[in-house]
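To be precise, the following lines are run.txt, and they hold compact mmCIF, C-alpha atoms and all ligand atoms.
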# COMPACT_ATOMS: atom_id res chain seq x y z
CA MET H 29 236.24 123.73 116.15
CA THR H 30 232.63 123.34 117.35
CA LEU H 31 229.21 124.93 116.86
CA LEU H 32 227.25 125.37 120.09
CA PHE H 33 223.44 125.34 119.80
CA TYR H 34 221.42 127.00 122.59
CA SER H 35 217.65 127.29 122.69
CA GLU H 36 215.11 126.33 125.27
CA THR H 37 212.30 126.46 122.72
CA ASP H 38 213.74 125.15 119.42
CA ALA H 39 214.35 121.42 119.01
CA PRO H 40 218.04 120.81 118.19
CA GLU H 41 217.58 117.60 116.13
CA PRO H 42 216.68 119.14 112.75
CA TRP H 43 219.62 121.53 113.12
CA ARG H 44 221.98 118.74 114.09
CA ASP H 45 220.87 116.77 111.01
CA ALA H 46 221.19 119.77 108.68
CA PHE H 47 224.73 120.51 109.88
CA ALA H 48 225.69 116.83 109.70
CA ARG H 49 224.63 116.87 106.01
CA ALA H 50 226.14 120.20 105.02
CA LEU H 51 229.19 120.56 107.25
CA PRO H 52 229.97 117.07 108.59
CA GLN H 53 233.42 118.14 109.76
CA LEU H 54 231.94 120.72 112.20
CA PRO H 55 231.13 119.16 115.62
CA PHE H 56 227.63 120.21 116.78
CA ARG H 57 227.16 120.54 120.53
CA VAL H 58 223.79 121.20 122.10
CA TRP H 59 223.84 123.16 125.33
CA PRO H 60 224.07 121.89 128.13
CA GLU H 61 225.99 118.89 126.74
CA PRO H 62 229.50 118.91 128.22
CA GLY H 63 232.40 119.96 126.01
CA ALA H 64 235.44 122.19 125.82
CA ASP H 65 234.42 125.85 125.76
CA GLU H 66 237.71 126.72 124.03
CA ALA H 67 236.63 124.66 121.01
CA VAL H 68 233.46 126.67 120.31
CA ARG H 69 233.80 128.91 117.22
CA TYR H 70 230.13 129.54 116.43
CA ALA H 71 227.11 129.92 118.70
CA LEU H 72 223.63 129.44 117.18
CA VAL H 73 221.32 130.78 119.83
CA TRP H 74 217.86 131.84 120.94
CA LYS H 75 217.64 133.71 124.28
CA PRO H 76 221.05 132.52 125.48
CA GLU H 77 221.59 132.44 129.22
CA PRO H 78 223.36 135.71 130.20
CA GLY H 79 227.09 135.12 130.67
CA LEU H 80 227.15 131.95 128.53
CA LEU H 81 228.73 133.58 125.46
CA SER H 82 231.44 135.32 127.48
CA ARG H 83 232.67 131.91 128.64
CA LEU H 84 233.63 130.95 125.05
CA PRO H 85 237.12 132.44 124.57
CA ASN H 86 237.50 131.55 120.86
CA LEU H 87 234.03 132.52 119.65
CA LYS H 88 234.13 133.83 116.06
CA ALA H 89 230.43 134.65 115.58
CA ILE H 90 227.04 134.57 117.28
CA VAL H 91 224.12 133.65 115.01
CA SER H 92 220.56 134.42 116.13
CA LEU H 93 217.97 131.70 115.56
CA GLY H 94 215.49 134.45 114.70
CA ALA H 95 215.21 137.85 113.09
CA GLY H 96 215.51 139.73 116.39
CA VAL H 97 218.73 140.06 118.37
CA ASP H 98 217.50 141.86 121.49
CA HIS H 99 217.59 138.46 123.21
CA ILE H 100 221.39 138.46 122.65
CA LEU H 101 222.12 142.17 123.19
CA ARG H 102 220.47 142.15 126.64
CA ASP H 103 223.39 140.08 128.01
CA PRO H 104 225.48 142.48 130.14
CA GLN H 105 228.55 140.25 129.62
CA LEU H 106 228.16 139.95 125.86
CA PRO H 107 231.68 139.60 124.39
CA GLN H 108 232.72 142.75 122.53
CA GLY H 109 234.07 142.49 119.02
CA VAL H 110 232.34 139.20 118.15
CA PRO H 111 229.99 139.71 115.18
CA ILE H 112 226.30 138.99 115.74
CA ILE H 113 224.35 137.81 112.72
CA ARG H 114 220.59 137.74 112.44
CA LEU H 115 218.37 135.80 110.07
CA LEU H 116 217.09 138.11 107.37
CA ASP H 117 213.95 136.42 106.15
CA ALA H 118 213.73 132.74 106.70
CA GLY H 119 210.03 132.56 105.94
CA PHE H 120 209.17 135.09 108.69
CA ALA H 121 207.93 137.78 106.33
CA GLN H 122 205.24 135.59 104.80
CA GLN H 123 204.14 134.18 108.16
CA MET H 124 203.97 137.63 109.73
CA ALA H 125 202.11 139.09 106.74
CA GLU H 126 199.53 136.32 107.09
CA TYR H 127 199.21 136.93 110.83
CA SER H 128 198.81 140.68 110.23
CA ALA H 129 196.20 140.18 107.51
CA TYR H 130 194.31 137.82 109.81
CA ALA H 131 194.44 140.36 112.66
CA VAL H 132 193.24 143.27 110.51
CA LEU H 133 190.41 141.18 109.03
CA HIS H 134 189.50 139.92 112.51
CA PHE H 135 188.93 143.46 113.71
CA GLN H 136 187.36 144.74 110.50
CA HIS H 137 184.95 141.82 110.34
CA ARG H 138 183.96 142.21 114.01
CA MET H 139 185.03 138.67 114.93
CA GLN H 140 185.62 139.48 118.57
CA GLU H 141 182.04 140.71 118.84
CA PHE H 142 180.64 137.73 116.91
CA LEU H 143 182.45 135.31 119.23
CA ALA H 144 180.96 137.10 122.24
CA GLN H 145 177.51 137.06 120.60
CA GLN H 146 177.81 133.36 119.83
CA SER H 147 178.40 132.55 123.49
CA ASN H 148 174.91 134.04 124.15
CA ALA H 149 173.25 132.63 120.99
CA ASP H 150 172.80 136.27 119.99
CA TRP H 151 172.03 136.77 116.23
CA ARG H 152 172.97 140.36 115.39
CA GLN H 153 174.48 141.57 112.13
CA LEU H 154 177.37 144.03 112.46
CA ASP H 155 178.82 146.08 109.65
CA PRO H 156 182.50 145.49 108.67
CA GLY H 157 182.69 148.82 106.82
CA LEU H 158 184.52 149.28 103.55
CA THR H 159 188.07 148.00 103.22
CA ARG H 160 189.10 151.29 101.62
CA ASP H 161 188.17 153.04 104.87
CA TRP H 162 190.42 150.80 106.97
CA ASN H 163 193.80 152.52 106.92
CA VAL H 164 196.45 150.20 108.30
CA GLY H 165 199.71 151.60 109.65
CA VAL H 166 202.78 149.36 109.76
CA MET H 167 205.50 150.42 112.22
CA GLY H 168 208.88 149.11 111.03
CA LEU H 169 209.62 148.95 107.32
CA GLY H 170 212.53 146.52 107.09
CA VAL H 171 212.32 143.33 105.03
CA ILE H 172 209.48 141.97 107.18
CA GLY H 173 207.51 145.20 107.67
CA GLY H 174 207.83 146.05 103.98
CA HIS H 175 206.41 142.67 103.01
CA ILE H 176 203.55 143.00 105.51
CA ALA H 177 202.72 146.45 104.13
CA GLN H 178 202.65 145.20 100.55
CA ARG H 179 200.53 142.15 101.35
CA LEU H 180 197.98 144.29 103.20
CA ALA H 181 197.91 146.73 100.30
CA ALA H 182 197.27 143.80 97.94
CA LEU H 183 194.16 143.01 100.00
CA GLY H 184 192.88 146.50 99.26
CA PHE H 185 193.71 148.23 102.55
CA PRO H 186 195.19 151.74 102.31
CA VAL H 187 198.58 151.18 103.96
CA LEU H 188 200.83 153.68 105.71
CA GLY H 189 204.28 152.90 107.00
CA TRP H 190 206.46 154.40 109.69
CA SER H 191 210.16 153.84 110.34
CA ARG H 192 212.86 155.60 112.34
CA SER H 193 214.73 156.66 109.20
CA ALA H 194 213.20 157.35 105.79
CA ARG H 195 212.23 154.33 103.63
CA ARG H 196 210.30 154.22 100.37
CA ILE H 197 208.08 151.32 99.40
CA ASP H 198 205.93 151.36 96.28
CA GLY H 199 202.29 151.99 97.02
CA ILE H 200 202.88 152.70 100.74
CA ASP H 201 202.51 156.16 102.20
CA SER H 202 205.69 156.37 104.30
CA PHE H 203 206.51 158.50 107.33
CA HIS H 204 209.62 158.64 109.49
CA GLY H 205 211.09 160.10 112.63
CA ASP H 206 209.28 161.68 115.57
CA SER H 207 207.38 164.24 113.54
CA GLY H 208 206.37 161.57 111.03
CA LEU H 209 204.92 159.50 113.87
CA GLN H 210 202.65 162.40 114.85
CA GLN H 211 201.28 162.45 111.30
CA PHE H 212 201.12 158.67 110.89
CA LEU H 213 199.23 157.66 114.05
CA PRO H 214 196.09 159.83 113.60
CA ARG H 215 195.61 158.21 110.16
CA ALA H 216 195.98 154.56 111.28
CA ARG H 217 192.82 152.70 112.19
CA VAL H 218 194.93 149.60 112.86
CA VAL H 219 198.59 149.78 113.86
CA VAL H 220 200.74 146.70 113.23
CA ASN H 221 204.03 146.92 115.11
CA VAL H 222 207.00 145.00 113.79
CA LEU H 223 209.81 147.33 114.91
CA PRO H 224 213.07 145.95 116.27
CA LEU H 225 213.46 146.48 120.00
CA THR H 226 216.08 149.16 120.70
CA PRO H 227 216.42 151.81 123.45
CA GLU H 228 214.63 154.25 121.06
CA THR H 229 211.65 151.97 120.39
CA GLU H 230 211.17 150.51 123.87
CA GLY H 231 207.79 151.63 125.24
CA ILE H 232 206.80 153.27 121.93
CA LEU H 233 203.24 151.91 122.22
CA ASP H 234 202.18 154.06 125.14
CA ALA H 235 199.31 156.29 126.27
CA ARG H 236 200.66 159.31 124.38
CA ARG H 237 200.74 157.36 121.09
CA PHE H 238 197.36 155.69 121.69
CA ALA H 239 195.83 159.14 122.25
CA LEU H 240 197.03 160.18 118.78
CA MET H 241 195.26 157.26 117.09
CA PRO H 242 191.63 157.58 115.93
CA ARG H 243 189.13 156.69 118.65
CA GLY H 244 188.38 152.95 118.65
CA ALA H 245 191.58 152.03 116.75
CA PHE H 246 193.27 148.63 117.04
CA VAL H 247 196.80 147.54 117.92
CA VAL H 248 198.56 144.43 116.65
CA ASN H 249 201.90 143.77 118.36
CA ILE H 250 204.20 141.27 116.66
CA GLY H 251 207.41 143.18 117.47
CA ARG H 252 208.43 142.73 121.08
CA GLY H 253 206.56 142.86 124.37
CA ALA H 254 208.75 145.69 125.62
CA HIS H 255 207.46 147.99 122.85
CA LEU H 256 204.19 148.13 124.75
CA ILE H 257 203.39 149.83 128.04
CA GLU H 258 200.93 147.23 129.27
CA GLN H 259 198.96 149.36 131.73
CA ASP H 260 198.56 152.10 129.10
CA LEU H 261 197.03 149.56 126.74
CA LEU H 262 194.58 148.33 129.38
CA ASP H 263 193.61 151.93 130.23
CA ALA H 264 193.13 152.87 126.56
CA LEU H 265 190.97 149.78 125.94
CA ASP H 266 188.88 150.37 129.03
CA ALA H 267 188.37 154.03 128.10
CA GLY H 268 187.32 153.09 124.55
CA GLN H 269 190.23 155.01 123.00
CA LEU H 270 191.35 151.66 121.59
CA GLY H 271 188.86 149.10 120.29
CA GLY H 272 190.98 145.97 120.62
CA ALA H 273 194.42 144.44 120.47
CA MET H 274 195.97 141.28 119.12
CA LEU H 275 199.21 140.53 120.94
CA ASP H 276 201.80 137.89 120.12
CA VAL H 277 204.75 139.10 122.20
CA PHE H 278 204.98 140.01 125.87
CA ARG H 279 207.38 141.50 128.39
CA LYS H 280 207.35 138.17 130.19
CA GLU H 281 207.00 135.00 128.11
CA PRO H 282 205.24 132.68 128.64
CA LEU H 283 202.59 135.22 129.66
CA PRO H 284 201.89 134.49 133.37
CA SER H 285 198.53 132.78 133.87
CA ASP H 286 197.26 135.56 136.15
CA HIS H 287 198.08 138.31 133.65
CA PRO H 288 195.04 140.53 132.88
CA PHE H 289 195.62 140.24 129.10
CA TRP H 290 194.46 136.61 129.17
CA ARG H 291 190.95 137.47 130.24
CA HIS H 292 190.43 140.90 128.72
CA PRO H 293 187.44 140.81 126.34
CA LYS H 294 189.12 143.13 123.82
CA ILE H 295 192.47 141.35 123.70
CA VAL H 296 193.49 138.33 121.65
CA VAL H 297 196.62 136.62 123.01
CA THR H 298 198.77 134.32 120.87
CA PRO H 299 201.94 132.65 122.23
CA HIS H 300 204.77 134.25 120.13
CA VAL H 301 203.87 132.40 116.94
CA ALA H 302 203.50 135.19 114.37
CA GLY H 303 206.88 134.39 112.79
CA VAL H 304 208.59 131.23 113.91
CA THR H 305 211.92 129.79 112.80
CA ILE H 306 211.13 126.64 110.83
CA PRO H 307 214.38 124.68 110.42
CA SER H 308 213.59 123.52 106.88
CA GLU H 309 213.06 127.18 105.85
CA ALA H 310 216.03 128.63 107.74
CA GLU H 311 218.75 125.97 107.60
CA SER H 312 220.19 126.89 104.21
CA GLN H 313 220.62 130.51 105.37
CA VAL H 314 222.29 129.49 108.64
CA ILE H 315 224.62 127.04 106.90
CA GLU H 316 225.54 129.66 104.32
CA ILE H 317 226.36 132.07 107.18
CA VAL H 318 228.76 129.55 108.74
CA LYS H 319 230.32 128.66 105.37
CA THR H 320 230.84 132.36 104.59
CA LEU H 321 232.49 132.91 107.96
CA GLU H 322 234.69 129.86 107.38
CA ARG H 323 235.91 131.48 104.14
CA GLY H 324 236.93 134.49 106.23
CA GLU H 325 234.14 136.69 104.81
CA MET H 326 231.20 138.45 106.50
CA PRO H 327 227.70 137.19 105.65
CA PRO H 328 224.67 139.47 105.24
CA GLY H 329 222.72 140.21 108.41
CA VAL H 330 225.61 141.44 110.59
CA VAL H 331 224.09 143.49 113.41
CA ASP H 332 225.13 147.06 114.04
CA ARG H 333 225.35 146.97 117.83
CA SER H 334 225.03 150.75 118.14
CA ARG H 335 221.73 150.65 116.21
CA GLY H 336 220.50 147.50 117.98
CA TYR H 337 219.54 145.51 114.87
C1 LIG Z 401 212.32 136.50 115.92
C2 LIG Z 401 211.14 136.08 116.68
O1 LIG Z 401 212.99 137.46 116.31
O2 LIG Z 401 210.68 134.92 116.49
O3 LIG Z 401 212.61 135.87 114.91
O4 LIG Z 401 210.61 136.82 117.49

The structure given in the file should be rewritten as structure tokens.
Amino acid sequence: MTLLFYSETDAPEPWRDAFARALPQLPFRVWPEPGADEAVRYALVWKPEPGLLSRLPNLKAIVSLGAGVDHILRDPQLPQGVPIIRLLDAGFAQQMAEYSAYAVLHFQHRMQEFLAQQSNADWRQLDPGLTRDWNVGVMGLGVIGGHIAQRLAALGFPVLGWSRSARRIDGIDSFHGDSGLQQFLPRARVVVNVLPLTPETEGILDARRFALMPRGAFVVNIGRGAHLIEQDLLDALDAGQLGGAMLDVFRKEPLPSDHPFWRHPKIVVTPHVAGVTIPSEAESQVIEIVKTLERGEMPPGVVDRSRGY
């Protein structure tokens, strides 16, 4: 019985140490170390190579190293019937709430313009406006989106939320479904997207939706790159319909060096860091998942494949 670890971006050592402490009887194999595929019971993965999981005939569960599972579900050979488990909140909610607050304050406080002014030694005062006039709309109201919404509200921003199905969060004006989106977008001066990526949400940040937002509104994308139609964003920024964007996730990561987002004056690019998996924060949850599975029970966080999260 073995656990197979696969990630091209997460260092395996802290995970190896954590498993050695908590479950010393469970061999820990880091891909691409050689080993018997028949022995693998658990796969702990981030963006696994397509086809890899289908080569493990005795796999009992696939555990995502992050909150999202689109990186697993995109595998056309994904074994059917093997549960997929995602991390619920291993410190992501706080990190992403901080990133979102930073992004909203960056736009409200005109930081992009001040940075441009500084490069020309240009001393010009610009008005941030009143916080109560900066409605922020959070798209996606799961554990992470709900926390983001509440933290922004605690800063004094009027916060609206949108989700596919109805959700209620204290102090947040919530909307849902297609008709709710039509009411939500015109009220949101900044939209923070934290939706899961599913066939229904792919491309949701497009020209049609940008046109519904107030002129000069801002977009913060910390969901997935494929939520955004990139050319529509560039067009909306260039036409002044949008005032700026802070983007942490991209269709292709790392973002290619010749991509127009890198040099666009109204775009801030960050390299998928809004919510990262920190082993010391996440290891107890992952170990509990494996222990629960070993007892023959299902842990929290099992993905509904038909829903996509
Ligand atoms: C995640 C991510 O899904 O880091 O956790 O994007």

Checklist entry - For the atom pair atom CA of Phe278 of chain H and atom CA of Met241 of chain H, what is the interatomic distance in Å to one decimal place? => result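 So the answer is 21.7 Å.
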
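One finds atom CA of Arg192 of chain H at 28.7 Å from atom CA of Leu72 of chain H.
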
Per-axis box centre and lengths in Å around ligand LIG 401 (chain Z), 4 Å margin per side, axis-aligned, as lines of an AutoDock Vina configuration file:
center_x = 211.8
center_y = 136.2
center_z = 116.2
size_x = 10.4
size_y = 10.5
size_z = 10.6

Next on the checklist: Could you check the closest approach to ligand LIG 401 (chain Z) for each of H:Gly184, H:Gly119, H:Pro293, H:Gly170 and tell me which residue wins, using all atoms listed in the file?
Outcome noted: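 The closest residue to ligand LIG 401 (chain Z) is H:Gly119.
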
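The space between atom CA of Gly189 of chain H and atom CA of Ser92 of chain H spans 26.3 Å.
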
Item to check | Site check for ligand LIG 401 (chain Z): residues at most 12 Å away, all atoms listed in the file, as an MDAnalysis selection string | outcome: chainID H and resid 37:38 73:75 91:100 113:121 123:124 172 222:225 249:253 276:278 281 299:306 310 337

Item to check | Residue among H:Lys88, H:Gly205, H:His175, H:Met167 lying closest to Gln108 of chain H, counting all atoms listed in the file | outcome: H:Lys88

Item to check | Residue with smallest distance to Leu87 of chain H - pool H:Thr229, H:Thr30, H:Ser35, H:Ser147, counting all atoms listed in the file | outcome: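 Closest to Leu87 of chain H of all the choices is H:Thr30.
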
Next on the checklist: I'd like to know which of H:Thr159, H:Gln178, H:Ser193, H:Thr226 is closest to Gly336 of chain H, using all atoms listed in the file.
Outcome noted: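 The closest residue to Gly336 of chain H is H:Thr226.
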
Item to check | Spatial neighbours of Asp65 of chain H, 12 Å, all atoms listed in the file, chain gap at least 6 places, as a PyMOL selection string | outcome: chain H and resi 29-32+57+59+71+80-87

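Take the candidates H:Ile112, H:Val58, H:Val219, H:Met326 and check each one against Gly165 of chain H using only C-alpha atoms; the shortest distance goes to H:Val219.
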
Next on the checklist: With distances taken over only C-alpha atoms, which residue among H:Ala149, H:Leu143, H:Ile232, H:Ala125 lies nearest Val171 of chain H?
Outcome noted: H:Ala125

Checklist entry - Which neighbours of Arg217 of chain H fall inside 8 Å, counting all atoms listed in the file, when residues of the same chain fewer than 5 positions from it are skipped, and could you give them as a PyMOL selection string? => result chain H and resi 162-165+241-242+244-246

Same residues, C-alpha atoms, output as a tab-separated table (two decimals), in the frame of the given file:
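Okay, this is what ended up in again-v5.tsv:
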chain	number	residue	atom	x	y	z
H	162	TRP	CA	190.42	150.80	106.97
H	163	ASN	CA	193.80	152.52	106.92
H	164	VAL	CA	196.45	150.20	108.30
H	165	GLY	CA	199.71	151.60	109.65
H	241	MET	CA	195.26	157.26	117.09
H	242	PRO	CA	191.63	157.58	115.93
H	244	GLY	CA	188.38	152.95	118.65
H	245	ALA	CA	191.58	152.03	116.75
H	246	PHE	CA	193.27	148.63	117.04

Using the atoms already present, construct N, CA, C and O atoms for segment 73-87 of chain H and hand them back as a JSON list (two decimals), keeping the file's coordinate frame.
[["chain", "number", "residue", "atom", "x", "y", "z"],
["H", 73, "VAL", "N", 222.00, 130.63, 118.55],
["H", 73, "VAL", "CA", 221.32, 130.78, 119.83],
["H", 73, "VAL", "C", 219.95, 131.46, 119.73],
["H", 73, "VAL", "O", 219.70, 132.30, 118.85],
["H", 74, "TRP", "N", 219.09, 131.11, 120.68],
["H", 74, "TRP", "CA", 217.86, 131.84, 120.94],
["H", 74, "TRP", "C", 217.77, 132.06, 122.44],
["H", 74, "TRP", "O", 217.84, 131.11, 123.22],
["H", 75, "LYS", "N", 217.69, 133.32, 122.87],
["H", 75, "LYS", "CA", 217.64, 133.71, 124.28],
["H", 75, "LYS", "C", 218.72, 133.01, 125.10],
["H", 75, "LYS", "O", 218.41, 132.25, 126.04],
["H", 76, "PRO", "N", 220.00, 133.21, 124.72],
["H", 76, "PRO", "CA", 221.05, 132.52, 125.48],
["H", 76, "PRO", "C", 221.10, 133.01, 126.93],
["H", 76, "PRO", "O", 220.86, 134.19, 127.21],
["H", 77, "GLU", "N", 221.45, 132.10, 127.80],
["H", 77, "GLU", "CA", 221.59, 132.44, 129.22],
["H", 77, "GLU", "C", 222.65, 133.54, 129.36],
["H", 77, "GLU", "O", 223.75, 133.40, 128.79],
["H", 78, "PRO", "N", 222.35, 134.65, 130.07],
["H", 78, "PRO", "CA", 223.36, 135.71, 130.20],
["H", 78, "PRO", "C", 224.67, 135.14, 130.77],
["H", 78, "PRO", "O", 224.65, 134.33, 131.68],
["H", 79, "GLY", "N", 225.77, 135.57, 130.19],
["H", 79, "GLY", "CA", 227.09, 135.12, 130.67],
["H", 79, "GLY", "C", 227.61, 133.91, 129.91],
["H", 79, "GLY", "O", 228.82, 133.66, 129.90],
["H", 80, "LEU", "N", 226.72, 133.17, 129.24],
["H", 80, "LEU", "CA", 227.15, 131.95, 128.53],
["H", 80, "LEU", "C", 228.18, 132.28, 127.44],
["H", 80, "LEU", "O", 229.23, 131.65, 127.34],
["H", 81, "LEU", "N", 227.88, 133.30, 126.63],
["H", 81, "LEU", "CA", 228.73, 133.58, 125.46],
["H", 81, "LEU", "C", 230.11, 134.09, 125.88],
["H", 81, "LEU", "O", 231.10, 133.83, 125.21],
["H", 82, "SER", "N", 230.15, 134.78, 127.03],
["H", 82, "SER", "CA", 231.44, 135.32, 127.48],
["H", 82, "SER", "C", 232.37, 134.21, 127.98],
["H", 82, "SER", "O", 233.55, 134.45, 128.19],
["H", 83, "ARG", "N", 231.82, 133.01, 128.17],
["H", 83, "ARG", "CA", 232.67, 131.91, 128.64],
["H", 83, "ARG", "C", 233.33, 131.16, 127.47],
["H", 83, "ARG", "O", 233.97, 130.15, 127.67],
["H", 84, "LEU", "N", 233.11, 131.65, 126.24],
["H", 84, "LEU", "CA", 233.63, 130.95, 125.05],
["H", 84, "LEU", "C", 234.77, 131.79, 124.48],
["H", 84, "LEU", "O", 234.53, 132.73, 123.71],
["H", 85, "PRO", "N", 236.02, 131.50, 124.87],
["H", 85, "PRO", "CA", 237.12, 132.44, 124.57],
["H", 85, "PRO", "C", 237.46, 132.53, 123.08],
["H", 85, "PRO", "O", 238.06, 133.52, 122.66],
["H", 86, "ASN", "N", 237.10, 131.52, 122.28],
["H", 86, "ASN", "CA", 237.50, 131.55, 120.86],
["H", 86, "ASN", "C", 236.32, 131.74, 119.92],
["H", 86, "ASN", "O", 236.38, 131.37, 118.74],
["H", 87, "LEU", "N", 235.25, 132.34, 120.44],
["H", 87, "LEU", "CA", 234.03, 132.52, 119.65],
["H", 87, "LEU", "C", 234.30, 133.46, 118.47],
["H", 87, "LEU", "O", 234.81, 134.57, 118.65]]
